[in-house]
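Everything below belongs to entry_21.cif, which stores mmCIF, C-alpha atoms.
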data_input
loop_
_atom_site.group_PDB
_atom_site.id
_atom_site.type_symbol
_atom_site.label_atom_id
_atom_site.label_comp_id
_atom_site.auth_asym_id
_atom_site.auth_seq_id
_atom_site.Cartn_x
_atom_site.Cartn_y
_atom_site.Cartn_z
ATOM 1 C CA MET A 1 -45.438 40.916 -47.913
ATOM 2 C CA ARG A 2 -42.247 39.188 -46.863
ATOM 3 C CA GLU A 3 -39.293 40.054 -44.669
ATOM 4 C CA ILE A 4 -35.766 38.893 -45.368
ATOM 5 C CA GLU A 5 -32.230 39.512 -44.154
ATOM 6 C CA VAL A 6 -29.578 40.689 -46.604
ATOM 7 C CA ARG A 7 -26.049 39.910 -45.498
ATOM 8 C CA ARG A 8 -23.488 42.705 -45.687
ATOM 9 C CA GLY A 9 -20.199 41.228 -44.542
ATOM 10 C CA GLU A 10 -20.429 40.558 -40.799
ATOM 11 C CA ARG A 11 -23.823 42.244 -40.441
ATOM 12 C CA VAL A 12 -27.353 41.815 -41.728
ATOM 13 C CA VAL A 13 -29.890 44.302 -43.055
ATOM 14 C CA ARG A 14 -33.544 43.606 -42.244
ATOM 15 C CA VAL A 15 -35.725 44.204 -45.310
ATOM 16 C CA ARG A 16 -39.495 44.442 -45.804
ATOM 17 C CA ASP A 17 -40.739 43.725 -49.339
ATOM 18 C CA ALA A 18 -44.405 44.670 -49.750
ATOM 19 C CA GLY A 19 -46.962 46.027 -52.190
ATOM 20 C CA ASP A 20 -47.117 44.643 -55.751
ATOM 21 C CA PRO A 21 -44.175 42.228 -56.230
ATOM 22 C CA GLY A 22 -44.246 42.834 -59.978
ATOM 23 C CA GLY A 23 -44.698 46.577 -59.764
ATOM 24 C CA ALA A 24 -42.412 49.558 -60.141
ATOM 25 C CA ALA A 25 -40.107 49.602 -57.122
ATOM 26 C CA VAL A 26 -39.726 52.376 -54.545
ATOM 27 C CA VAL A 27 -36.931 51.860 -52.025
ATOM 28 C CA CYS A 28 -37.908 53.650 -48.821
ATOM 29 C CA PHE A 29 -35.640 55.175 -46.174
ATOM 30 C CA HIS A 30 -37.305 55.474 -42.786
ATOM 31 C CA GLY A 31 -37.251 58.513 -40.541
ATOM 32 C CA THR A 32 -35.246 59.156 -37.394
ATOM 33 C CA PRO A 33 -35.758 57.247 -35.096
ATOM 34 C CA THR A 34 -38.212 54.856 -36.766
ATOM 35 C CA SER A 35 -37.896 51.691 -38.847
ATOM 36 C CA ARG A 36 -38.752 49.722 -41.966
ATOM 37 C CA LEU A 37 -42.370 49.757 -40.739
ATOM 38 C CA ASP A 38 -42.893 53.457 -41.568
ATOM 39 C CA LEU A 39 -45.168 52.781 -44.557
ATOM 40 C CA CYS A 40 -46.955 49.635 -43.343
ATOM 41 C CA PHE A 41 -50.198 51.595 -43.208
ATOM 42 C CA GLY A 42 -49.975 52.125 -46.986
ATOM 43 C CA GLU A 43 -48.958 48.705 -48.255
ATOM 44 C CA GLU A 44 -52.417 47.824 -49.602
ATOM 45 C CA LEU A 45 -52.613 51.245 -51.231
ATOM 46 C CA ALA A 46 -49.253 50.605 -52.901
ATOM 47 C CA ALA A 47 -50.349 47.198 -54.142
ATOM 48 C CA GLY A 48 -53.482 48.730 -55.633
ATOM 49 C CA ARG A 49 -51.347 51.245 -57.515
ATOM 50 C CA GLY A 50 -48.958 48.609 -58.834
ATOM 51 C CA VAL A 51 -46.068 49.754 -56.635
ATOM 52 C CA ARG A 52 -43.536 47.551 -54.880
ATOM 53 C CA LEU A 53 -42.478 49.046 -51.535
ATOM 54 C CA VAL A 54 -39.032 48.006 -50.316
ATOM 55 C CA SER A 55 -37.964 49.260 -46.885
ATOM 56 C CA PHE A 56 -35.009 48.374 -44.686
ATOM 57 C CA ASP A 57 -33.687 49.184 -41.234
ATOM 58 C CA ARG A 58 -30.481 51.163 -41.063
ATOM 59 C CA PRO A 59 -27.772 49.666 -38.803
ATOM 60 C CA GLY A 60 -28.775 49.529 -35.144
ATOM 61 C CA TYR A 61 -32.483 49.975 -35.883
ATOM 62 C CA GLY A 62 -35.070 47.202 -35.703
ATOM 63 C CA GLY A 63 -33.669 43.981 -37.107
ATOM 64 C CA SER A 64 -30.424 45.298 -38.626
ATOM 65 C CA THR A 65 -27.042 44.716 -37.012
ATOM 66 C CA SER A 66 -25.640 47.725 -35.195
ATOM 67 C CA ALA A 67 -22.621 49.402 -36.809
ATOM 68 C CA PRO A 68 -21.283 52.910 -37.458
ATOM 69 C CA PHE A 69 -22.606 54.339 -40.719
ATOM 70 C CA GLY A 70 -22.763 57.348 -42.981
ATOM 71 C CA LEU A 71 -24.852 58.313 -45.978
ATOM 72 C CA ALA A 72 -22.500 56.634 -48.455
ATOM 73 C CA SER A 73 -22.681 53.277 -46.674
ATOM 74 C CA ILE A 74 -26.486 53.443 -46.491
ATOM 75 C CA ALA A 75 -26.580 54.149 -50.216
ATOM 76 C CA ALA A 76 -24.470 51.029 -50.772
ATOM 77 C CA ASP A 77 -26.829 49.021 -48.547
ATOM 78 C CA ALA A 78 -29.814 50.189 -50.594
ATOM 79 C CA HIS A 79 -28.235 49.044 -53.846
ATOM 80 C CA ALA A 80 -27.271 45.709 -52.264
ATOM 81 C CA VAL A 81 -30.882 45.224 -51.148
ATOM 82 C CA ALA A 82 -32.075 45.980 -54.691
ATOM 83 C CA ASP A 83 -29.563 43.453 -56.044
ATOM 84 C CA GLU A 84 -30.787 40.792 -53.630
ATOM 85 C CA LEU A 85 -34.410 41.387 -54.665
ATOM 86 C CA GLY A 86 -33.630 41.448 -58.381
ATOM 87 C CA VAL A 87 -34.688 45.083 -58.737
ATOM 88 C CA GLU A 88 -32.851 46.675 -61.648
ATOM 89 C CA ARG A 89 -34.142 50.261 -61.472
ATOM 90 C CA PHE A 90 -36.023 52.002 -58.701
ATOM 91 C CA ALA A 91 -37.149 55.285 -57.212
ATOM 92 C CA THR A 92 -36.150 56.252 -53.691
ATOM 93 C CA PHE A 93 -38.230 57.906 -51.006
ATOM 94 C CA GLY A 94 -36.880 59.260 -47.724
ATOM 95 C CA LEU A 95 -38.929 60.404 -44.769
ATOM 96 C CA SER A 96 -37.539 63.126 -42.506
ATOM 97 C CA GLY A 97 -34.078 61.900 -41.417
ATOM 98 C CA GLY A 98 -34.227 59.339 -44.241
ATOM 99 C CA GLY A 99 -34.271 62.085 -46.877
ATOM 100 C CA PRO A 100 -30.481 62.466 -47.089
ATOM 101 C CA ALA A 101 -30.090 58.696 -47.559
ATOM 102 C CA ALA A 102 -32.641 58.726 -50.400
ATOM 103 C CA LEU A 103 -30.483 61.341 -52.110
ATOM 104 C CA ALA A 104 -27.324 59.387 -51.337
ATOM 105 C CA ALA A 105 -28.621 56.327 -53.184
ATOM 106 C CA ALA A 106 -28.923 58.443 -56.333
ATOM 107 C CA THR A 107 -25.254 59.469 -56.190
ATOM 108 C CA LEU A 108 -23.984 55.976 -57.007
ATOM 109 C CA PRO A 109 -23.017 55.349 -60.635
ATOM 110 C CA GLY A 110 -25.186 53.302 -62.963
ATOM 111 C CA ASN A 111 -28.330 55.452 -63.282
ATOM 112 C CA ARG A 112 -30.387 52.871 -61.396
ATOM 113 C CA VAL A 113 -32.316 55.498 -59.428
ATOM 114 C CA ILE A 114 -34.964 57.037 -61.661
ATOM 115 C CA ARG A 115 -36.376 59.577 -59.179
ATOM 116 C CA VAL A 116 -35.776 60.698 -55.600
ATOM 117 C CA GLY A 117 -38.634 61.651 -53.304
ATOM 118 C CA ILE A 118 -38.237 63.397 -49.958
ATOM 119 C CA GLY A 119 -40.989 63.926 -47.408
ATOM 120 C CA GLY A 120 -40.087 66.509 -44.773
ATOM 121 C CA GLY A 121 -36.378 65.771 -45.104
ATOM 122 C CA VAL A 122 -33.292 67.685 -44.057
ATOM 123 C CA GLY A 123 -30.475 69.107 -46.139
ATOM 124 C CA PRO A 124 -26.764 69.471 -45.353
ATOM 125 C CA PHE A 125 -26.744 71.323 -42.014
ATOM 126 C CA GLN A 126 -23.398 73.002 -42.679
ATOM 127 C CA LEU A 127 -24.751 74.563 -45.869
ATOM 128 C CA VAL A 128 -28.363 75.377 -44.924
ATOM 129 C CA PRO A 129 -28.676 78.868 -43.386
ATOM 130 C CA GLY A 130 -30.313 78.691 -39.965
ATOM 131 C CA ALA A 131 -30.214 74.893 -39.804
ATOM 132 C CA PHE A 132 -28.516 74.837 -36.396
ATOM 133 C CA ASP A 133 -30.787 77.440 -34.787
ATOM 134 C CA GLU A 134 -33.266 74.919 -33.354
ATOM 135 C CA LEU A 135 -30.707 72.674 -31.637
ATOM 136 C CA ASP A 136 -30.874 72.408 -27.858
ATOM 137 C CA ASP A 137 -27.857 72.494 -25.557
ATOM 138 C CA SER A 138 -27.387 68.717 -25.496
ATOM 139 C CA ASP A 139 -27.434 68.492 -29.291
ATOM 140 C CA ARG A 140 -24.959 71.378 -29.536
ATOM 141 C CA ALA A 141 -22.661 69.572 -27.116
ATOM 142 C CA ALA A 142 -22.858 66.416 -29.219
ATOM 143 C CA LEU A 143 -22.297 68.402 -32.416
ATOM 144 C CA SER A 144 -19.146 69.947 -30.947
ATOM 145 C CA LEU A 145 -17.544 66.467 -31.022
ATOM 146 C CA LEU A 146 -17.690 66.425 -34.828
ATOM 147 C CA PRO A 147 -15.846 65.812 -37.018
ATOM 148 C CA GLY A 148 -13.072 64.573 -34.758
ATOM 149 C CA ASP A 149 -14.909 62.000 -32.619
ATOM 150 C CA PRO A 150 -17.990 60.654 -34.437
ATOM 151 C CA ALA A 151 -18.370 57.672 -32.092
ATOM 152 C CA SER A 152 -18.673 59.919 -29.027
ATOM 153 C CA ALA A 153 -21.009 62.239 -30.921
ATOM 154 C CA ALA A 154 -23.201 59.278 -31.874
ATOM 155 C CA SER A 155 -23.335 58.160 -28.229
ATOM 156 C CA ALA A 156 -24.292 61.663 -27.125
ATOM 157 C CA PHE A 157 -27.040 61.965 -29.741
ATOM 158 C CA ALA A 158 -28.246 58.448 -28.865
ATOM 159 C CA ALA A 159 -28.684 59.456 -25.222
ATOM 160 C CA GLY A 160 -31.177 62.091 -26.317
ATOM 161 C CA PHE A 161 -33.475 59.360 -27.671
ATOM 162 C CA GLU A 162 -33.586 57.362 -24.420
ATOM 163 C CA PRO A 163 -36.782 59.023 -23.083
ATOM 164 C CA LEU A 164 -38.598 58.184 -26.335
ATOM 165 C CA ALA A 165 -37.260 54.628 -26.236
ATOM 166 C CA GLU A 166 -38.659 54.278 -22.718
ATOM 167 C CA LEU A 167 -42.049 55.634 -23.815
ATOM 168 C CA SER A 168 -42.137 53.299 -26.797
ATOM 169 C CA ARG A 169 -42.072 50.279 -24.475
ATOM 170 C CA GLU A 170 -45.525 51.213 -23.229
ATOM 171 C CA PRO A 171 -48.364 49.181 -24.770
ATOM 172 C CA GLY A 172 -50.759 50.764 -27.232
ATOM 173 C CA SER A 173 -50.260 54.082 -28.977
ATOM 174 C CA SER A 174 -51.543 56.726 -26.554
ATOM 175 C CA TRP A 175 -47.959 57.904 -25.985
ATOM 176 C CA ALA A 176 -47.415 58.700 -29.670
ATOM 177 C CA LEU A 177 -49.063 62.126 -29.586
ATOM 178 C CA SER A 178 -47.555 63.194 -26.265
ATOM 179 C CA SER A 179 -44.049 62.276 -27.427
ATOM 180 C CA TYR A 180 -44.370 64.452 -30.515
ATOM 181 C CA GLU A 181 -46.638 67.236 -29.303
ATOM 182 C CA ASP A 182 -43.939 69.848 -28.665
ATOM 183 C CA VAL A 183 -42.950 69.992 -32.345
ATOM 184 C CA ALA A 184 -46.226 68.901 -33.978
ATOM 185 C CA SER A 185 -48.372 71.228 -36.045
ATOM 186 C CA SER A 186 -52.104 71.371 -35.400
ATOM 187 C CA ARG A 187 -52.668 69.074 -38.394
ATOM 188 C CA ASP A 188 -50.076 66.596 -37.104
ATOM 189 C CA ARG A 189 -51.942 66.477 -33.784
ATOM 190 C CA GLU A 190 -55.191 65.740 -35.598
ATOM 191 C CA LEU A 191 -53.575 62.904 -37.526
ATOM 192 C CA LEU A 192 -52.123 61.348 -34.373
ATOM 193 C CA LYS A 193 -55.579 61.351 -32.801
ATOM 194 C CA ASP A 194 -56.637 58.984 -35.589
ATOM 195 C CA GLN A 195 -56.054 55.491 -34.210
ATOM 196 C CA ARG A 196 -54.831 54.110 -37.524
ATOM 197 C CA TYR A 197 -52.071 56.684 -37.853
ATOM 198 C CA ALA A 198 -51.250 56.739 -34.150
ATOM 199 C CA SER A 199 -50.775 52.965 -34.216
ATOM 200 C CA ALA A 200 -48.631 53.171 -37.343
ATOM 201 C CA PHE A 201 -46.445 55.830 -35.749
ATOM 202 C CA ALA A 202 -46.162 53.967 -32.447
ATOM 203 C CA ASN A 203 -45.328 50.653 -34.122
ATOM 204 C CA THR A 204 -42.550 52.022 -36.305
ATOM 205 C CA VAL A 205 -40.926 53.938 -33.431
ATOM 206 C CA ARG A 206 -41.250 50.931 -31.124
ATOM 207 C CA GLU A 207 -39.598 48.639 -33.664
ATOM 208 C CA GLY A 208 -36.878 51.127 -34.541
ATOM 209 C CA LEU A 209 -35.834 51.620 -30.919
ATOM 210 C CA ARG A 210 -36.393 48.005 -29.819
ATOM 211 C CA PRO A 211 -32.647 47.196 -29.842
ATOM 212 C CA GLY A 212 -31.726 50.548 -28.274
ATOM 213 C CA THR A 213 -30.823 54.035 -29.452
ATOM 214 C CA THR A 214 -27.413 53.412 -31.044
ATOM 215 C CA GLY A 215 -28.808 53.442 -34.578
ATOM 216 C CA ALA A 216 -30.532 56.760 -33.966
ATOM 217 C CA GLY A 217 -27.279 58.263 -32.690
ATOM 218 C CA TRP A 218 -25.329 57.301 -35.813
ATOM 219 C CA ASP A 219 -28.287 58.394 -37.929
ATOM 220 C CA VAL A 220 -28.050 61.943 -36.584
ATOM 221 C CA VAL A 221 -24.277 61.970 -37.096
ATOM 222 C CA SER A 222 -24.784 60.931 -40.736
ATOM 223 C CA TRP A 223 -26.941 63.935 -41.611
ATOM 224 C CA ILE A 224 -26.045 66.631 -39.073
ATOM 225 C CA GLY A 225 -22.322 66.187 -39.686
ATOM 226 C CA GLU A 226 -20.605 66.792 -42.985
ATOM 227 C CA TRP A 227 -22.220 64.647 -45.679
ATOM 228 C CA ASP A 228 -19.936 61.998 -47.182
ATOM 229 C CA ILE A 229 -21.620 62.153 -50.597
ATOM 230 C CA ASP A 230 -21.445 64.479 -53.586
ATOM 231 C CA LEU A 231 -24.879 65.964 -54.252
ATOM 232 C CA SER A 232 -23.785 67.112 -57.710
ATOM 233 C CA ALA A 233 -23.870 63.423 -58.692
ATOM 234 C CA VAL A 234 -27.686 63.414 -58.336
ATOM 235 C CA ARG A 235 -28.857 63.700 -61.955
ATOM 236 C CA CYS A 236 -32.391 62.285 -61.730
ATOM 237 C CA PRO A 237 -35.513 64.313 -60.858
ATOM 238 C CA VAL A 238 -35.984 65.092 -57.149
ATOM 239 C CA LEU A 239 -39.487 65.633 -55.752
ATOM 240 C CA LEU A 240 -39.787 67.444 -52.411
ATOM 241 C CA TRP A 241 -42.958 67.235 -50.295
ATOM 242 C CA TYR A 242 -43.337 69.464 -47.235
ATOM 243 C CA GLY A 243 -46.046 70.962 -45.062
ATOM 244 C CA SER A 244 -46.197 74.748 -44.766
ATOM 245 C CA GLU A 245 -46.420 74.421 -40.967
ATOM 246 C CA ASP A 246 -43.391 72.135 -40.681
ATOM 247 C CA LEU A 247 -41.298 75.032 -39.421
ATOM 248 C CA ARG A 248 -38.158 73.085 -38.530
ATOM 249 C CA THR A 249 -37.662 71.933 -42.109
ATOM 250 C CA ARG A 250 -38.484 75.263 -43.780
ATOM 251 C CA PRO A 251 -34.839 76.281 -44.362
ATOM 252 C CA HIS A 252 -34.007 72.769 -45.559
ATOM 253 C CA ARG A 253 -36.744 72.600 -48.168
ATOM 254 C CA ALA A 254 -35.768 76.011 -49.524
ATOM 255 C CA TRP A 255 -32.088 75.033 -49.759
ATOM 256 C CA LEU A 256 -32.777 71.704 -51.454
ATOM 257 C CA ALA A 257 -35.171 73.288 -53.951
ATOM 258 C CA GLU A 258 -32.623 75.973 -54.836
ATOM 259 C CA ASN A 259 -29.508 73.797 -54.939
ATOM 260 C CA LEU A 260 -30.689 70.630 -56.675
ATOM 261 C CA PRO A 261 -31.177 71.620 -60.335
ATOM 262 C CA SER A 262 -33.675 68.840 -60.970
ATOM 263 C CA ALA A 263 -35.803 69.487 -57.859
ATOM 264 C CA ARG A 264 -39.507 70.292 -57.736
ATOM 265 C CA LEU A 265 -40.977 71.521 -54.448
ATOM 266 C CA ILE A 266 -44.550 70.714 -53.388
ATOM 267 C CA VAL A 267 -45.765 72.484 -50.231
ATOM 268 C CA HIS A 268 -49.111 71.473 -48.726
ATOM 269 C CA ASP A 269 -50.712 74.467 -47.053
ATOM 270 C CA GLY A 270 -51.651 74.111 -43.378
ATOM 271 C CA GLU A 271 -49.888 70.775 -42.945
ATOM 272 C CA GLY A 272 -46.938 69.735 -40.811
ATOM 273 C CA HIS A 273 -44.362 66.960 -40.742
ATOM 274 C CA LEU A 274 -46.679 63.962 -41.144
ATOM 275 C CA GLY A 275 -48.137 64.628 -44.567
ATOM 276 C CA ILE A 276 -47.116 61.150 -45.719
ATOM 277 C CA TYR A 277 -50.201 59.798 -43.986
ATOM 278 C CA GLU A 278 -52.484 61.839 -46.244
ATOM 279 C CA HIS A 279 -50.502 62.008 -49.476
ATOM 280 C CA LEU A 280 -48.838 58.628 -49.914
ATOM 281 C CA GLY A 281 -50.927 57.795 -52.990
ATOM 282 C CA GLU A 282 -49.938 60.910 -54.919
ATOM 283 C CA ILE A 283 -46.312 60.477 -53.837
ATOM 284 C CA LEU A 284 -46.131 56.909 -55.135
ATOM 285 C CA ASP A 285 -47.844 57.897 -58.376
ATOM 286 C CA ALA A 286 -45.338 60.704 -58.966
ATOM 287 C CA LEU A 287 -42.317 58.534 -58.134
ATOM 288 C CA THR A 288 -43.352 55.705 -60.449
ATOM 289 C CA ALA A 289 -44.842 57.652 -63.358
ATOM 290 C CA PRO A 290 -43.772 56.336 -66.792
#
If you convert what's in this file into structure tokens, what do you get?
Amino acid sequence: MREIEVRRGERVVRVRDAGDPGGAAVVCFHGTPTSRLDLCFGEELAAGRGVRLVSFDRPGYGGSTSAPFGLASIAADAHAVADELGVERFATFGLSGGGPAALAAATLPGNRVIRVGIGGGVGPFQLVPGAFDELDDSDRAALSLLPGDPASAASAFAAGFEPLAELSREPGSSWALSSYEDVASSRDRELLKDQRYASAFANTVREGLRPGTTGAGWDVVSWIGEWDIDLSAVRCPVLLWYGSEDLRTRPHRAWLAENLPSARLIVHDGEGHLGIYEHLGEILDALTAP
């Protein structure tokens, strides 16, 4: 494993390059509000399967310079990271709020992205029926600022992550379950009682929010606002992994499966939002199959 910084004009992107350095590459897009450390728990597993895991922090998260961003700019960052690492072709994998960015990377010309994988990701909110139903009053207030004032919307969304940022400064991982319990399925709660997964979750959130919540605010703007990419440009296969009890993403998984012609939906019965902890091996195998 190594970590490097890739320069993008006046800013830097913090990159983690792990797994098998000679293996098939999967460029990973972390969740909201986490970091490049999302899949640290599975790096040995990836190496054993001959997979190179490349992850990077979006602007304002972890070790990456803070800056406004959208899905198109994150897609460009991903391709720049691949260039820097000498990766010619790669699959993408996006967790939760990273799902839209994984799709975005496949919209760039050149056919470099061979497959897209999404674990519990969201679709375009404006197009997904019922997508706005679960928003609370503060999120609705922030949303009302779009599209006219994205900077103020980002600040408003960022404020909603401040309680989690404060929790993440606590030592250990006992806060991980309590911070997530309101939206967790019963299986998610079981997973977060496992110290290995609780530590992985706590570490990636802690690192993501270490510099503050600005990155998380722009992250939400990038996928809850109008997407600045053309999904019809995604021509490669798209693999969608969801848990049947992940109720907040149910309308999103249905929309993505129906509106991406090359999509295949896999739903794990009785599971929630954190299925990556149990299914990473099969996901990597599917994304890197010959």
message = Please list as a PyMOL selection string every residue within 9 Å of Thr92 in chain A, counting all atoms listed in the file and excluding residues in the same chain fewer than 3 positions away.
response = chain A and resi 25-29+101-103+105-106+113-118+287
request  = Please evaluate the PyMOL selection byres ((chain A and resi 134) around 12) against the structure above and give the resulting residues as an MDAnalysis selection string.
outcome  = chainID A and resid 125 129:133 135:140 183 247:251
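Distance check against Val205 in chain A using only C-alpha atoms: of A:Ala165, A:Leu145, A:Ala184, A:Cys236, the minimum falls on A:Ala165.
The two atoms in question, CA of Ala263 in chain A and CA of Val238 in chain A, are spaced 4.5 Å apart.
Picked out by the PyMOL selection byres ((chain A and resi 17) around 10) when it runs on this file: A:Met1, A:Arg2, A:Glu3, A:Ile4, A:Val15, A:Arg16, A:Ala18, A:Gly19, A:Asp20, A:Pro21, A:Ala25, A:Val27, A:Arg36, A:Glu43, A:Arg52, A:Leu53, A:Val54, A:Ser55, A:Phe56, A:Leu85.
Residue nearest Leu146 in chain A, chosen from A:Leu164, A:Val128, A:Leu177, A:Val220 and counting only C-alpha atoms: A:Val220.
Here, the PyMOL selection byres ((chain A and resi 76-81) around 8) matches Val6, Arg8, Val13, Val15, Val27, Ala72, Ser73, Ile74, Ala75, Ala82, Asp83, Glu84, Leu85, Ala105 and Leu108 of chain A.
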Requested write-out: C-alpha atoms of the selected residues, as a CSV table (one decimal), keeping the file's coordinate frame:
chain,number,residue,atom,x,y,z
A,6,VAL,CA,-29.6,40.7,-46.6
A,8,ARG,CA,-23.5,42.7,-45.7
A,13,VAL,CA,-29.9,44.3,-43.1
A,15,VAL,CA,-35.7,44.2,-45.3
A,27,VAL,CA,-36.9,51.9,-52.0
A,72,ALA,CA,-22.5,56.6,-48.5
A,73,SER,CA,-22.7,53.3,-46.7
A,74,ILE,CA,-26.5,53.4,-46.5
A,75,ALA,CA,-26.6,54.1,-50.2
A,82,ALA,CA,-32.1,46.0,-54.7
A,83,ASP,CA,-29.6,43.5,-56.0
A,84,GLU,CA,-30.8,40.8,-53.6
A,85,LEU,CA,-34.4,41.4,-54.7
A,105,ALA,CA,-28.6,56.3,-53.2
A,108,LEU,CA,-24.0,56.0,-57.0
